[in-house]
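Chemist: The structure under discussion is supplied below as structure tokens; questions concerning it will follow.
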Amino acid sequence: MLNFSLLVLMISLLLLLVYIIISWTSTSYCSEKNSPFECGFDPLSGMRNPFSTRFFVLVVLFLIFDIEVSLLFPLLSMLSNFITFQMIFVLFSFLLLLLSGLLYEWYQGALDWVSQ
């Protein structure tokens, strides 16, 4: 048992020595590469700077409408097999709901990128 422990210790030390010998370290220190990435913002600047939330609202609206449009695919694939009045009613009511939501957001000005 002692021989096995010594063998494990020697292999570990040998691997550590090989790592130290062949490890490459850059001689030039680049502070820009070592600084944390903060989503495009300078991490050392003031964190309480005001920013426009219009972009984030637009992204959320895009995600909502994107998910709703992806819900149309199963309904449209079912329409290729058989068509009933109820399915057509559901399809048009869903599209009417999407269109009314889009027109409401357009009327509220959430889709305008540049504010007047």
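Ordered as shown in the structure tokens, chains take letters A, B, and onward, while each chain numbers its residues from 1 and ligands are numbered from 1 in the order shown.
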Skip range 67-73 of chain A itself and residues of its chain fewer than 2 positions away, then list as a list in words all residues within 9 Å of it, counting only C-alpha atoms.
Modeler: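 The residues that qualify are Phe62, Leu63, Ile64, Phe65, Leu75, Leu76, Ser77, Met78, Leu91, Phe94, Leu95 and Leu98 of chain A.
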